[in-house]
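Take a look at the structure set out below.
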Amino acid sequence: MSRAEEILIQADALLNGHFLYTSGRHGAQYMQCAKVLQYPQHTEELAKKIAEGFAGEKVDIVLAPAIGGIVWGYELARALGAKSIFAERENGTMTLRRGFDIPQNARVVVAEDVYTTGGTIREIIEIVKANGATLVGVGVIVDRTGGKMDLSTKAVAAYSTEITSYPPEECPLCKQGIPITKPGSRT
């Protein structure tokens, strides 16, 4: 068992049941990374591990999506010696607000707590590209694809596992009548 998995278990972040993911898909496991982020010592340890994956890279900015990625992005920025900013949804689209900006040619790491389909990560990557910055890579606490996600950039995960998910119409848990829970942050 990896140290990252130990941390996830200690923090009760690995949940079992019937869940509606942010992507709209369903599954029997959920990674509630917010449970890990309530422990600064765990967050710091995971951020240092991810920062090792970017050793030798000059990173100016860590960009994370609100709300789940804010704490993670901040701690990863601290470990990388970079500035931390976040994007948030405005009219359904991820955008920079609150006076945040990404200077042209800045070197950016995108931070996310967990990804399954990569939808939010891709939105954040587009912000980096639209600002003329250089995408150094992605740092994520949990990769639920087991390393199968192709983000066309370096991706460093503290913990990687394949968690099966289903379109709602094909979900065996729905067919069994198991009640569904939506623990994510997006409404």
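Chain identifiers are assigned as A, B, and so on, following the order in which chains appear in the structure tokens; residues are numbered from 1 within each chain, and ligands are numbered from 1 in order of appearance.
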
task = Any chance you could list, as a VMD selection string, the residues in region 17-156 of chain A that come up alpha helix (DSSP H) when DSSP is run on the backbone?
result = chain A and resid 34 to 37 40 to 52 70 to 80 119 to 130

request  = Taking the DSSP assignment computed from this structure's backbone, write out as a ChimeraX atom specification all residues of region 13-146 of chain A that belong to strand (DSSP E or B).
outcome  = /A:14-20,26-31,61-65,83-90,93-96,107-115,134-143,145

request  = Go through A:Gln104, A:Gln41, A:Thr95, A:Gln29 and flag the residue nearest Thr134 (chain A), using only C-alpha atoms for the distances.
outcome  = A:Gln104

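Closest to Ala64 (chain A) among A:Leu46, A:Ile9, A:Ile85, A:Val142 is A:Ile85, based on only C-alpha atoms.
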
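Residues in contact range of region 173-181 of chain A, defined as at most 8 Å between only C-alpha atoms, with sequence neighbours fewer than 2 positions away removed, read A:Gly17, A:His18, A:Phe19, A:Leu20, A:Gly27, A:Ala28, A:Pro168, A:Cys171, A:Pro183.
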
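The smallest atom-to-atom distance between Arg25 (chain A) and any of A:Ile163, A:Val136, A:Leu76, A:Ala13, using only C-alpha atoms, is found for A:Ile163.
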